[in-house]
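Student: File name final26.pdb; file contents PDB, C-alpha atoms, pLDDT in the B column; full text below.
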```
ATOM      1  CA  MET A  33      17.276  53.281  11.141  1.00 48.00           C
ATOM      2  CA  ALA A  34      14.707  55.451  12.840  1.00 47.00           C
ATOM      3  CA  ALA A  35      15.464  59.121  13.237  1.00 50.00           C
ATOM      4  CA  VAL A  36      15.570  60.656  16.688  1.00 51.00           C
ATOM      5  CA  GLY A  37      12.134  61.943  17.596  1.00 59.00           C
ATOM      6  CA  GLU A  38      10.368  59.922  14.866  1.00 72.00           C
ATOM      7  CA  PRO A  39       6.663  59.595  15.757  1.00 85.00           C
ATOM      8  CA  ALA A  40       5.464  56.142  16.730  1.00 92.00           C
ATOM      9  CA  PRO A  41       3.959  54.266  13.762  1.00 96.00           C
ATOM     10  CA  VAL A  42       0.426  52.871  13.839  1.00 97.00           C
ATOM     11  CA  CYS A  43       0.197  49.159  14.626  1.00 98.00           C
ATOM     12  CA  PRO A  44      -0.579  47.119  11.465  1.00 98.00           C
ATOM     13  CA  LEU A  45      -2.577  44.567  13.461  1.00 98.00           C
ATOM     14  CA  CYS A  46      -4.881  46.637  15.661  1.00 98.00           C
ATOM     15  CA  ASP A  47      -4.385  50.234  14.469  1.00 97.00           C
ATOM     16  CA  GLY A  48      -3.155  51.034  17.953  1.00 97.00           C
ATOM     17  CA  VAL A  49      -1.274  54.280  18.506  1.00 96.00           C
ATOM     18  CA  GLY A  50       1.442  55.150  20.980  1.00 94.00           C
ATOM     19  CA  ALA A  51       3.719  52.174  20.246  1.00 97.00           C
ATOM     20  CA  THR A  52       6.988  52.133  22.168  1.00 97.00           C
ATOM     21  CA  ARG A  53      10.474  51.584  20.744  1.00 96.00           C
ATOM     22  CA  TYR A  54      11.335  47.963  21.532  1.00 98.00           C
ATOM     23  CA  HIS A  55      14.705  47.569  19.820  1.00 97.00           C
ATOM     24  CA  GLU A  56      16.870  49.177  17.165  1.00 96.00           C
ATOM     25  CA  ASP A  57      19.750  47.773  15.155  1.00 95.00           C
ATOM     26  CA  ARG A  58      21.891  49.129  12.336  1.00 93.00           C
ATOM     27  CA  THR A  59      19.168  48.792   9.708  1.00 93.00           C
ATOM     28  CA  ARG A  60      15.799  49.419  11.337  1.00 96.00           C
ATOM     29  CA  ALA A  61      13.760  50.062  14.452  1.00 96.00           C
ATOM     30  CA  TYR A  62      11.236  47.687  16.021  1.00 98.00           C
ATOM     31  CA  TRP A  63       8.157  48.981  17.808  1.00 98.00           C
ATOM     32  CA  ARG A  64       5.842  47.280  20.311  1.00 98.00           C
ATOM     33  CA  CYS A  65       2.132  47.996  20.333  1.00 98.00           C
ATOM     34  CA  ARG A  66       0.658  48.920  23.711  1.00 97.00           C
ATOM     35  CA  ARG A  67      -2.695  47.361  22.822  1.00 97.00           C
ATOM     36  CA  CYS A  68      -1.999  44.000  21.139  1.00 98.00           C
ATOM     37  CA  ALA A  69       1.717  43.550  22.030  1.00 98.00           C
ATOM     38  CA  LEU A  70       2.734  43.025  18.390  1.00 98.00           C
ATOM     39  CA  VAL A  71       6.347  43.979  17.705  1.00 98.00           C
ATOM     40  CA  PHE A  72       6.600  45.373  14.194  1.00 98.00           C
ATOM     41  CA  VAL A  73       8.746  47.173  11.655  1.00 97.00           C
ATOM     42  CA  PRO A  74       7.242  50.390  10.221  1.00 96.00           C
ATOM     43  CA  PRO A  75       6.346  50.522   6.511  1.00 95.00           C
ATOM     44  CA  GLY A  76       9.336  52.662   5.565  1.00 93.00           C
ATOM     45  CA  SER A  77      11.725  49.930   6.739  1.00 94.00           C
ATOM     46  CA  ARG A  78      10.191  47.082   4.745  1.00 95.00           C
ATOM     47  CA  VAL A  79      11.646  45.708   1.518  1.00 94.00           C
ATOM     48  CA  ASP A  80       9.619  45.903  -1.692  1.00 95.00           C
ATOM     49  CA  ALA A  81       7.913  42.941  -3.325  1.00 94.00           C
ATOM     50  CA  THR A  82      10.771  42.305  -5.777  1.00 95.00           C
ATOM     51  CA  ALA A  83      13.380  42.074  -3.021  1.00 94.00           C
ATOM     52  CA  GLU A  84      10.986  40.062  -0.885  1.00 94.00           C
ATOM     53  CA  LYS A  85      10.465  37.405  -3.546  1.00 92.00           C
ATOM     54  CA  ALA A  86      14.192  37.300  -4.315  1.00 94.00           C
ATOM     55  CA  ARG A  87      14.752  36.425  -0.660  1.00 91.00           C
ATOM     56  CA  TYR A  88      12.112  33.670  -0.753  1.00 91.00           C
ATOM     57  CA  ASP A  89      13.606  32.252  -3.944  1.00 87.00           C
ATOM     58  CA  GLN A  90      16.722  31.472  -1.909  1.00 85.00           C
ATOM     59  CA  HIS A  91      14.800  29.229   0.484  1.00 73.00           C
ATOM     60  CA  GLN A  92      15.555  25.557   0.051  1.00 67.00           C
ATOM     61  CA  ASN A  93      12.547  23.843   1.586  1.00 73.00           C
ATOM     62  CA  ASP A  94      12.886  20.273   0.389  1.00 74.00           C
ATOM     63  CA  PRO A  95       9.756  18.133   1.004  1.00 79.00           C
ATOM     64  CA  SER A  96      12.019  15.090   1.381  1.00 78.00           C
ATOM     65  CA  ASP A  97      14.156  16.732   4.092  1.00 87.00           C
ATOM     66  CA  ALA A  98      13.523  14.727   7.262  1.00 91.00           C
ATOM     67  CA  ARG A  99      14.579  17.556   9.569  1.00 92.00           C
ATOM     68  CA  TYR A 100      12.264  20.044   7.858  1.00 92.00           C
ATOM     69  CA  ARG A 101       9.389  17.573   8.042  1.00 94.00           C
ATOM     70  CA  ALA A 102      10.081  17.057  11.753  1.00 95.00           C
ATOM     71  CA  PHE A 103       9.988  20.823  12.236  1.00 95.00           C
ATOM     72  CA  LEU A 104       6.590  21.080  10.514  1.00 96.00           C
ATOM     73  CA  ALA A 105       5.312  18.037  12.405  1.00 97.00           C
ATOM     74  CA  ARG A 106       5.271  20.194  15.538  1.00 97.00           C
ATOM     75  CA  LEU A 107       2.152  21.766  14.032  1.00 98.00           C
ATOM     76  CA  ALA A 108       0.933  18.909  11.855  1.00 98.00           C
ATOM     77  CA  ASP A 109       0.760  16.265  14.593  1.00 98.00           C
ATOM     78  CA  PRO A 110      -1.462  18.187  17.046  1.00 98.00           C
ATOM     79  CA  LEU A 111      -3.567  19.462  14.137  1.00 98.00           C
ATOM     80  CA  LEU A 112      -4.275  15.894  13.017  1.00 97.00           C
ATOM     81  CA  GLU A 113      -5.622  15.181  16.481  1.00 97.00           C
ATOM     82  CA  LEU A 114      -8.177  17.984  16.103  1.00 96.00           C
ATOM     83  CA  VAL A 115      -9.536  17.576  12.576  1.00 96.00           C
ATOM     84  CA  PRO A 116     -11.496  14.579  11.276  1.00 94.00           C
ATOM     85  CA  PRO A 117     -10.233  12.204   8.577  1.00 93.00           C
ATOM     86  CA  GLY A 118     -10.825  13.632   5.131  1.00 96.00           C
ATOM     87  CA  ALA A 119     -10.996  17.217   6.393  1.00 98.00           C
ATOM     88  CA  VAL A 120     -10.438  19.941   3.804  1.00 98.00           C
ATOM     89  CA  GLY A 121      -7.826  22.610   4.476  1.00 98.00           C
ATOM     90  CA  LEU A 122      -5.706  25.399   3.066  1.00 98.00           C
ATOM     91  CA  ASP A 123      -1.951  25.880   3.456  1.00 98.00           C
ATOM     92  CA  PHE A 124      -1.689  29.682   3.464  1.00 98.00           C
ATOM     93  CA  GLY A 125       1.766  30.891   2.415  1.00 96.00           C
ATOM     94  CA  SER A 126       2.853  27.515   1.077  1.00 93.00           C
ATOM     95  CA  GLY A 127       6.106  28.935  -0.292  1.00 90.00           C
ATOM     96  CA  PRO A 128       8.389  27.851  -3.146  1.00 89.00           C
ATOM     97  CA  GLY A 129       8.699  24.265  -1.895  1.00 86.00           C
ATOM     98  CA  PRO A 130       5.369  23.193  -0.368  1.00 92.00           C
ATOM     99  CA  THR A 131       5.913  20.561   2.303  1.00 95.00           C
ATOM    100  CA  LEU A 132       3.236  20.827   4.986  1.00 96.00           C
ATOM    101  CA  GLY A 133       0.440  20.418   2.448  1.00 96.00           C
ATOM    102  CA  PRO A 134       1.874  17.147   1.091  1.00 95.00           C
ATOM    103  CA  MET A 135       2.465  15.903   4.652  1.00 96.00           C
ATOM    104  CA  LEU A 136      -1.180  16.474   5.540  1.00 97.00           C
ATOM    105  CA  ARG A 137      -2.302  14.868   2.287  1.00 97.00           C
ATOM    106  CA  GLU A 138      -0.257  11.807   3.192  1.00 96.00           C
ATOM    107  CA  ALA A 139      -2.269  11.698   6.421  1.00 97.00           C
ATOM    108  CA  GLY A 140      -5.541  11.551   4.455  1.00 97.00           C
ATOM    109  CA  LEU A 141      -6.555  15.210   4.373  1.00 98.00           C
ATOM    110  CA  ARG A 142      -7.447  17.287   1.335  1.00 98.00           C
ATOM    111  CA  VAL A 143      -5.270  20.402   1.134  1.00 98.00           C
ATOM    112  CA  PHE A 144      -5.325  23.422  -1.177  1.00 98.00           C
ATOM    113  CA  LEU A 145      -2.320  25.727  -1.489  1.00 97.00           C
ATOM    114  CA  TYR A 146      -2.109  29.505  -1.547  1.00 98.00           C
ATOM    115  CA  ASP A 147       0.902  31.775  -1.774  1.00 96.00           C
ATOM    116  CA  VAL A 148       0.922  35.352  -3.000  1.00 96.00           C
ATOM    117  CA  PHE A 149       4.084  34.662  -5.046  1.00 95.00           C
ATOM    118  CA  TYR A 150       4.103  30.923  -5.830  1.00 95.00           C
ATOM    119  CA  ALA A 151       0.458  29.833  -5.807  1.00 95.00           C
ATOM    120  CA  PRO A 152      -1.665  32.986  -6.223  1.00 96.00           C
ATOM    121  CA  ASP A 153      -4.958  31.213  -6.876  1.00 96.00           C
ATOM    122  CA  PRO A 154      -7.849  33.551  -5.974  1.00 96.00           C
ATOM    123  CA  ASP A 155     -10.334  30.689  -6.197  1.00 97.00           C
ATOM    124  CA  VAL A 156      -9.162  29.318  -2.853  1.00 98.00           C
ATOM    125  CA  TRP A 157     -11.035  32.179  -1.163  1.00 98.00           C
ATOM    126  CA  THR A 158     -14.355  31.012  -2.622  1.00 97.00           C
ATOM    127  CA  ARG A 159     -14.248  27.873  -0.459  1.00 97.00           C
ATOM    128  CA  ARG A 160     -14.594  27.184   3.265  1.00 98.00           C
ATOM    129  CA  TYR A 161     -12.128  25.031   5.178  1.00 98.00           C
ATOM    130  CA  ASP A 162     -12.036  22.752   8.195  1.00 98.00           C
ATOM    131  CA  PHE A 163      -8.519  24.009   8.866  1.00 98.00           C
ATOM    132  CA  ILE A 164      -6.018  26.549   7.590  1.00 98.00           C
ATOM    133  CA  THR A 165      -2.299  26.459   8.319  1.00 98.00           C
ATOM    134  CA  ALA A 166       0.116  29.387   8.269  1.00 98.00           C
ATOM    135  CA  THR A 167       3.602  28.139   9.085  1.00 97.00           C
ATOM    136  CA  GLU A 168       6.438  30.674   9.129  1.00 95.00           C
ATOM    137  CA  VAL A 169       4.141  33.150   7.382  1.00 97.00           C
ATOM    138  CA  ALA A 170       2.825  35.596   9.988  1.00 98.00           C
ATOM    139  CA  GLU A 171       6.192  37.297  10.416  1.00 98.00           C
ATOM    140  CA  HIS A 172       6.148  38.302   6.718  1.00 97.00           C
ATOM    141  CA  LEU A 173       2.702  39.917   6.645  1.00 98.00           C
ATOM    142  CA  HIS A 174       2.597  43.618   5.813  1.00 97.00           C
ATOM    143  CA  HIS A 175      -1.132  43.675   6.577  1.00 97.00           C
ATOM    144  CA  PRO A 176      -1.547  41.075   9.316  1.00 98.00           C
ATOM    145  CA  ARG A 177      -5.067  42.059  10.353  1.00 98.00           C
ATOM    146  CA  THR A 178      -6.414  41.842   6.784  1.00 98.00           C
ATOM    147  CA  ASP A 179      -4.651  38.559   6.024  1.00 98.00           C
ATOM    148  CA  LEU A 180      -5.481  36.832   9.297  1.00 98.00           C
ATOM    149  CA  ASP A 181      -9.101  38.003   9.177  1.00 98.00           C
ATOM    150  CA  ARG A 182      -9.347  36.576   5.685  1.00 98.00           C
ATOM    151  CA  CYS A 183      -8.073  33.212   6.866  1.00 98.00           C
ATOM    152  CA  TYR A 184     -10.332  33.135   9.913  1.00 98.00           C
ATOM    153  CA  ALA A 185     -13.406  34.083   7.858  1.00 97.00           C
ATOM    154  CA  ALA A 186     -12.650  31.207   5.446  1.00 98.00           C
ATOM    155  CA  LEU A 187     -12.994  28.626   8.239  1.00 98.00           C
ATOM    156  CA  THR A 188     -16.125  26.597   8.770  1.00 97.00           C
ATOM    157  CA  PRO A 189     -17.680  26.913  12.254  1.00 96.00           C
ATOM    158  CA  GLY A 190     -15.417  24.926  14.546  1.00 96.00           C
ATOM    159  CA  GLY A 191     -12.572  25.115  12.045  1.00 98.00           C
ATOM    160  CA  VAL A 192      -8.972  25.579  13.159  1.00 98.00           C
ATOM    161  CA  LEU A 193      -6.405  28.172  12.088  1.00 98.00           C
ATOM    162  CA  GLY A 194      -2.922  26.930  12.976  1.00 98.00           C
ATOM    163  CA  VAL A 195      -0.181  29.572  13.114  1.00 98.00           C
ATOM    164  CA  MET A 196       3.512  28.849  13.587  1.00 98.00           C
ATOM    165  CA  THR A 197       5.874  31.789  14.044  1.00 98.00           C
ATOM    166  CA  LYS A 198       8.732  32.497  16.432  1.00 98.00           C
ATOM    167  CA  TRP A 199       7.319  34.267  19.471  1.00 98.00           C
ATOM    168  CA  VAL A 200       8.660  37.331  21.175  1.00 98.00           C
ATOM    169  CA  THR A 201       9.468  36.345  24.761  1.00 97.00           C
ATOM    170  CA  ASN A 202      11.586  39.184  26.133  1.00 97.00           C
ATOM    171  CA  GLN A 203      13.632  42.103  24.850  1.00 97.00           C
ATOM    172  CA  PRO A 204      17.156  40.678  25.398  1.00 97.00           C
ATOM    173  CA  ALA A 205      16.288  37.467  23.565  1.00 98.00           C
ATOM    174  CA  PHE A 206      14.667  39.452  20.770  1.00 98.00           C
ATOM    175  CA  ALA A 207      17.670  41.739  20.364  1.00 97.00           C
ATOM    176  CA  ALA A 208      20.076  38.775  20.205  1.00 97.00           C
ATOM    177  CA  SER A 209      17.988  36.711  17.789  1.00 96.00           C
ATOM    178  CA  ARG A 210      19.088  36.053  14.207  1.00 95.00           C
ATOM    179  CA  TYR A 211      15.392  35.789  13.377  1.00 96.00           C
ATOM    180  CA  ILE A 212      14.932  39.560  13.313  1.00 97.00           C
ATOM    181  CA  ARG A 213      17.846  40.019  10.897  1.00 96.00           C
ATOM    182  CA  ASP A 214      15.826  38.672   7.979  1.00 96.00           C
ATOM    183  CA  PRO A 215      14.650  41.806   6.142  1.00 96.00           C
ATOM    184  CA  THR A 216      11.372  40.105   5.169  1.00 97.00           C
ATOM    185  CA  HIS A 217      10.443  39.538   8.829  1.00 98.00           C
ATOM    186  CA  VAL A 218       8.347  42.557   9.777  1.00 98.00           C
ATOM    187  CA  CYS A 219       5.805  41.348  12.379  1.00 98.00           C
ATOM    188  CA  PHE A 220       6.697  39.485  15.559  1.00 98.00           C
ATOM    189  CA  PHE A 221       3.977  37.812  17.589  1.00 98.00           C
ATOM    190  CA  SER A 222       3.769  36.594  21.171  1.00 98.00           C
ATOM    191  CA  ARG A 223       1.305  34.619  23.268  1.00 98.00           C
ATOM    192  CA  ASP A 224      -0.167  37.927  24.396  1.00 98.00           C
ATOM    193  CA  THR A 225      -0.705  38.956  20.768  1.00 98.00           C
ATOM    194  CA  CYS A 226      -2.395  35.651  19.996  1.00 98.00           C
ATOM    195  CA  GLN A 227      -4.683  36.067  22.982  1.00 98.00           C
ATOM    196  CA  TRP A 228      -5.603  39.567  21.815  1.00 98.00           C
ATOM    197  CA  ILE A 229      -6.453  38.173  18.361  1.00 98.00           C
ATOM    198  CA  ALA A 230      -8.593  35.420  19.859  1.00 98.00           C
ATOM    199  CA  HIS A 231     -10.472  37.924  22.021  1.00 97.00           C
ATOM    200  CA  ARG A 232     -11.137  40.137  19.009  1.00 97.00           C
ATOM    201  CA  TRP A 233     -12.474  37.210  17.005  1.00 97.00           C
ATOM    202  CA  GLY A 234     -14.399  35.710  19.897  1.00 96.00           C
ATOM    203  CA  SER A 235     -12.512  32.463  19.308  1.00 97.00           C
ATOM    204  CA  THR A 236     -10.603  30.117  21.548  1.00 97.00           C
ATOM    205  CA  VAL A 237      -6.832  29.811  21.295  1.00 98.00           C
ATOM    206  CA  GLU A 238      -4.646  26.901  22.346  1.00 97.00           C
ATOM    207  CA  PHE A 239      -0.863  26.648  22.439  1.00 98.00           C
ATOM    208  CA  PRO A 240       0.101  23.022  21.675  1.00 97.00           C
ATOM    209  CA  ALA A 241       3.807  23.887  21.553  1.00 96.00           C
ATOM    210  CA  VAL A 242       6.147  26.851  21.733  1.00 96.00           C
ATOM    211  CA  ASP A 243       5.677  29.181  18.744  1.00 98.00           C
ATOM    212  CA  ILE A 244       2.378  27.525  17.736  1.00 98.00           C
ATOM    213  CA  ALA A 245      -1.183  28.779  18.233  1.00 98.00           C
ATOM    214  CA  PHE A 246      -4.451  27.122  17.241  1.00 98.00           C
ATOM    215  CA  PHE A 247      -7.490  29.387  16.876  1.00 98.00           C
ATOM    216  CA  ARG A 248     -10.857  27.637  16.697  1.00 97.00           C
ATOM    217  CA  ARG A 249     -13.612  29.545  14.959  1.00 96.00           C
ATOM    218  CA  GLY A 250     -16.933  30.105  16.658  1.00 85.00           C
ATOM    219  CA  ALA A 251     -20.291  30.491  14.963  1.00 67.00           C
ATOM    220  CA  THR A 252     -19.908  34.198  14.167  1.00 59.00           C
ATOM    221  CA  ALA A 253     -17.684  36.062  11.716  1.00 51.00           C
ATOM    222  CA  PRO A 254     -14.640  38.013  12.960  1.00 50.00           C
ATOM    223  CA  ALA A 255     -15.016  41.596  14.031  1.00 46.00           C
ATOM    224  CA  THR A 256     -14.338  44.192  11.366  1.00 42.00           C
ATOM    225  CA  THR A 257     -12.868  46.740  13.777  1.00 40.00           C
ATOM    226  CA  PRO A 258     -10.476  46.230  16.676  1.00 37.00           C
ATOM    227  CA  THR A 259     -11.839  46.158  20.199  1.00 39.00           C
TER     228      THR A 259
END
```
Have the structure of the file written as structure tokens, please.

Tutor:
Amino acid sequence: MAAVGEPAPVCPLCDGVGATRYHEDRTRAYWRCRRCALVFVPPGSRVDATAEKARYDQHQNDPSDARYRAFLARLADPLLELVPPGAVGLDFGSGPGPTLGPMLREAGLRVFLYDVFYAPDPDVWTRRYDFITATEVAEHLHHPRTDLDRCYAALTPGGVLGVMTKWVTNQPAFAASRYIRDPTHVCFFSRDTCQWIAHRWGSTVEFPAVDIAFFRRGATAPATTPT
């Protein structure tokens, strides 16, 4: 829990200063950036890599689970309408039980997997992709700007980065949500945050469903400093 008078931490997405206290519970404080609207947990309140992986090892993401596949289809179905048959993509943060990648392969796409714990293949970053998916990943990122920039830069011109993460809508809903109780959830995005990211990259952003954003890469590389 944050101490009284603790200085506002720097935003991990835009390096913004002057964040405001958004919420506080028994274990940690949550801050909201004035610039990009990201709600985030400061570094001192994050769990270490060992505890983080132990938490992920408890996930039971079964590729044959119809309900889980239906959940992922909220991103997969609109993505399939945007990319051509045979498109090559990357499932970033594929997790201990990859499911979205196999679903997209079943639809005729070629999909590589990357996960810092379960599929840490550095060679995936030597390729370029027609699409990259990041489902239920963004909320775990300790360095969201670095990781998202890396994904965006790995897209071909016109490529799509699809992000699925539970959005911040308002403070009462945030405070009541079980979602923030997961100690590995440290960054909380909103539509406003996604629009800030798109502006920084000079990309377009679409919202095909609640909690889903599609960024389409333009012809230029992402900015290296926030604007």

Student: Convert the output of the PyMOL selection byres ((chain A and resi 139) around 12) on the shown file into explicit residues, formatted as a list of chain:residue names.

Tutor: A:Ala105, A:Ala108, A:Asp109, A:Leu111, A:Leu112, A:Glu113, A:Val115, A:Pro116, A:Pro117, A:Gly118, A:Ala119, A:Val120, A:Leu132, A:Gly133, A:Pro134, A:Met135, A:Leu136, A:Arg137, A:Glu138, A:Gly140, A:Leu141, A:Arg142, A:Val143

Student: Can you turn the PyMOL selection byres ((chain A and resi 74-87) around 8) into a concrete residue list for this file, as number ranges by chain?

Tutor: A: 33, 41, 60-63, 72-73, 88-91, 149, 174, 215-216, 218

Student: Would you write out those residues with C-alpha atoms, as a short mmCIF file (atom, residue, chain, number, x, y, z; two decimals), keeping the file's coordinate frame?

Tutor:
```cif
data_model
loop_
_atom_site.label_atom_id
_atom_site.label_comp_id
_atom_site.auth_asym_id
_atom_site.auth_seq_id
_atom_site.Cartn_x
_atom_site.Cartn_y
_atom_site.Cartn_z
CA MET A 33 17.28 53.28 11.14
CA PRO A 41 3.96 54.27 13.76
CA ARG A 60 15.80 49.42 11.34
CA ALA A 61 13.76 50.06 14.45
CA TYR A 62 11.24 47.69 16.02
CA TRP A 63 8.16 48.98 17.81
CA PHE A 72 6.60 45.37 14.19
CA VAL A 73 8.75 47.17 11.66
CA TYR A 88 12.11 33.67 -0.75
CA ASP A 89 13.61 32.25 -3.94
CA GLN A 90 16.72 31.47 -1.91
CA HIS A 91 14.80 29.23 0.48
CA PHE A 149 4.08 34.66 -5.05
CA HIS A 174 2.60 43.62 5.81
CA PRO A 215 14.65 41.81 6.14
CA THR A 216 11.37 40.10 5.17
CA VAL A 218 8.35 42.56 9.78
#
```

Student: Take atom CA of A:Leu187 and atom CA of A:Val237 and report the distance between them in Å, one decimal.

Tutor: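 Spanning atom CA of A:Leu187 to atom CA of A:Val237 is a straight-line distance of 14.5 Å.
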
Student: Between A:Gly129, A:Glu38, A:Phe246, A:Pro189, which one has atoms that come closest to A:Tyr150, using all atoms listed in the file?

Tutor: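 Using all atoms listed in the file, A:Tyr150 sits closest to A:Gly129.
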
Student: Between A:Ser222, A:Thr52, A:Gln203, A:Ser126, which is the closest to A:Arg66 once you count only C-alpha atoms?

Tutor: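 Looking only at the distances to A:Arg66, the closest residue turns out to be A:Thr52.
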
Student: Measuring atom to atom with all atoms listed in the file, identify which of A:Asp155, A:Glu56, A:Asp47, A:Asp123 is nearest to A:Arg177.

Tutor: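 Under the stated criterion, the closest residue is A:Asp47.
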
Student: In Å, rounded to a single decimal, give me how far atom CA of A:Pro110 is from atom CA of A:Ala241.

Tutor: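 Pair atom CA of A:Ala241 / atom CA of A:Pro110 returns 9.0 Å.
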
Student: Please identify all polymer residues within 8 Å of stretch 164-169 of chain A, counting all atoms listed in the file, omitting same-chain residues fewer than 3 positions from it, and present them as a list of chain:residue names.

Tutor: A:Leu104, A:Gly121, A:Leu122, A:Asp123, A:Phe124, A:Gly125, A:Ser126, A:Tyr161, A:His172, A:Leu173, A:Cys183, A:Leu187, A:Val192, A:Leu193, A:Gly194, A:Val195, A:Met196, A:Thr197, A:Lys198

Student: Atom CA of A:Asp179 and atom CA of A:His231, how far apart in Å?

Tutor: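 According to the coordinates, atom CA of A:His231 and atom CA of A:Asp179 are separated by 17.0 Å.
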
Student: Give the centre and edge lengths of an axis-aligned box, in Å to one decimal, that holds all listed atoms of stretch 60-71 of chain A with 8 Å on each side, as JSON.

Tutor:
```
{"center_x": 6.6, "center_y": 46.5, "center_z": 17.5, "size_x": 34.5, "size_y": 23.0, "size_z": 28.4}
```

Student: For the provided coordinates, the residues matched by the PyMOL selection byres ((chain A and resi 228) around 12) should be stated as a PyMOL selection string.

Tutor: chain A and resi 45-46+65-70+177+221-227+229-237+247+258-259

Student: Counting all atoms listed in the file, which of A:Val156, A:Ala245, A:Val200, A:Leu145 gets nearest to A:Arg182?

Tutor: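 Smallest distance to A:Arg182 is found for A:Val156.
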
Student: Of the residues A:Tyr184, A:Ala40, A:Glu171, A:Ala205, which is the one nearest to A:Trp157, using all atoms listed in the file?

Tutor: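 Among the listed residues, the smallest separation from A:Trp157 belongs to A:Tyr184.
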
Student: When you count all atoms listed in the file, which of these residues is closest to A:Tyr146: A:Thr178, A:Gly127, A:Arg160, A:Asn202?

Tutor: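 Between A:Thr178, A:Gly127, A:Arg160, A:Asn202, the residue approaching A:Tyr146 most closely is A:Gly127.
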
Student: Quick one: residues within 8 Å of A:Asn93, all atoms listed in the file, excluding same-chain residues fewer than 6 positions away - as a list in words?

Tutor: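 Returned residues: Tyr100, Pro128, Gly129, Pro130 and Thr131 of chain A.
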
Student: Supply stretch 88-103 of chain A as a PDB file, in the frame of the given file, with N, CA and C atoms built in where the input has gaps.

Tutor:
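Final output, saved to selection.pdb:
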```pdb
ATOM      1  N   TYR A  88      12.809  34.954  -0.857  1.00 91.00           N
ATOM      2  CA  TYR A  88      12.112  33.670  -0.753  1.00 91.00           C
ATOM      3  C   TYR A  88      12.643  32.661  -1.761  1.00 91.00           C
ATOM      4  N   ASP A  89      13.068  33.154  -2.924  1.00 87.00           N
ATOM      5  CA  ASP A  89      13.606  32.252  -3.944  1.00 87.00           C
ATOM      6  C   ASP A  89      14.870  31.537  -3.463  1.00 87.00           C
ATOM      7  N   GLN A  90      15.505  32.084  -2.444  1.00 85.00           N
ATOM      8  CA  GLN A  90      16.722  31.472  -1.909  1.00 85.00           C
ATOM      9  C   GLN A  90      16.414  30.338  -0.923  1.00 85.00           C
ATOM     10  N   HIS A  91      15.169  30.278  -0.466  1.00 73.00           N
ATOM     11  CA  HIS A  91      14.800  29.229   0.484  1.00 73.00           C
ATOM     12  C   HIS A  91      14.909  27.864  -0.171  1.00 73.00           C
ATOM     13  N   GLN A  92      15.406  26.921   0.562  1.00 67.00           N
ATOM     14  CA  GLN A  92      15.555  25.557   0.051  1.00 67.00           C
ATOM     15  C   GLN A  92      14.758  24.603   0.938  1.00 67.00           C
ATOM     16  N   ASN A  93      13.445  24.687   0.800  1.00 73.00           N
ATOM     17  CA  ASN A  93      12.547  23.843   1.586  1.00 73.00           C
ATOM     18  C   ASN A  93      12.254  22.571   0.804  1.00 73.00           C
ATOM     19  N   ASP A  94      12.983  21.543   1.116  1.00 74.00           N
ATOM     20  CA  ASP A  94      12.886  20.273   0.389  1.00 74.00           C
ATOM     21  C   ASP A  94      11.859  19.374   1.083  1.00 74.00           C
ATOM     22  N   PRO A  95      10.767  18.989   0.389  1.00 79.00           N
ATOM     23  CA  PRO A  95       9.756  18.133   1.004  1.00 79.00           C
ATOM     24  C   PRO A  95      10.289  16.785   1.473  1.00 79.00           C
ATOM     25  N   SER A  96      11.444  16.377   0.962  1.00 78.00           N
ATOM     26  CA  SER A  96      12.019  15.090   1.381  1.00 78.00           C
ATOM     27  C   SER A  96      13.003  15.241   2.537  1.00 78.00           C
ATOM     28  N   ASP A  97      13.221  16.466   3.007  1.00 87.00           N
ATOM     29  CA  ASP A  97      14.156  16.732   4.092  1.00 87.00           C
ATOM     30  C   ASP A  97      13.533  16.304   5.419  1.00 87.00           C
ATOM     31  N   ALA A  98      14.095  15.280   6.037  1.00 91.00           N
ATOM     32  CA  ALA A  98      13.523  14.727   7.262  1.00 91.00           C
ATOM     33  C   ALA A  98      13.507  15.741   8.393  1.00 91.00           C
ATOM     34  N   ARG A  99      14.538  16.568   8.489  1.00 92.00           N
ATOM     35  CA  ARG A  99      14.579  17.556   9.569  1.00 92.00           C
ATOM     36  C   ARG A  99      13.508  18.637   9.378  1.00 92.00           C
ATOM     37  N   TYR A 100      13.292  19.040   8.128  1.00 92.00           N
ATOM     38  CA  TYR A 100      12.264  20.044   7.858  1.00 92.00           C
ATOM     39  C   TYR A 100      10.877  19.472   8.136  1.00 92.00           C
ATOM     40  N   ARG A 101      10.669  18.214   7.765  1.00 94.00           N
ATOM     41  CA  ARG A 101       9.389  17.573   8.042  1.00 94.00           C
ATOM     42  C   ARG A 101       9.159  17.443   9.553  1.00 94.00           C
ATOM     43  N   ALA A 102      10.209  17.154  10.298  1.00 95.00           N
ATOM     44  CA  ALA A 102      10.081  17.057  11.753  1.00 95.00           C
ATOM     45  C   ALA A 102       9.724  18.421  12.351  1.00 95.00           C
ATOM     46  N   PHE A 103      10.305  19.476  11.792  1.00 95.00           N
ATOM     47  CA  PHE A 103       9.988  20.823  12.236  1.00 95.00           C
ATOM     48  C   PHE A 103       8.505  21.128  12.013  1.00 95.00           C
TER      49      PHE A 103
END
```
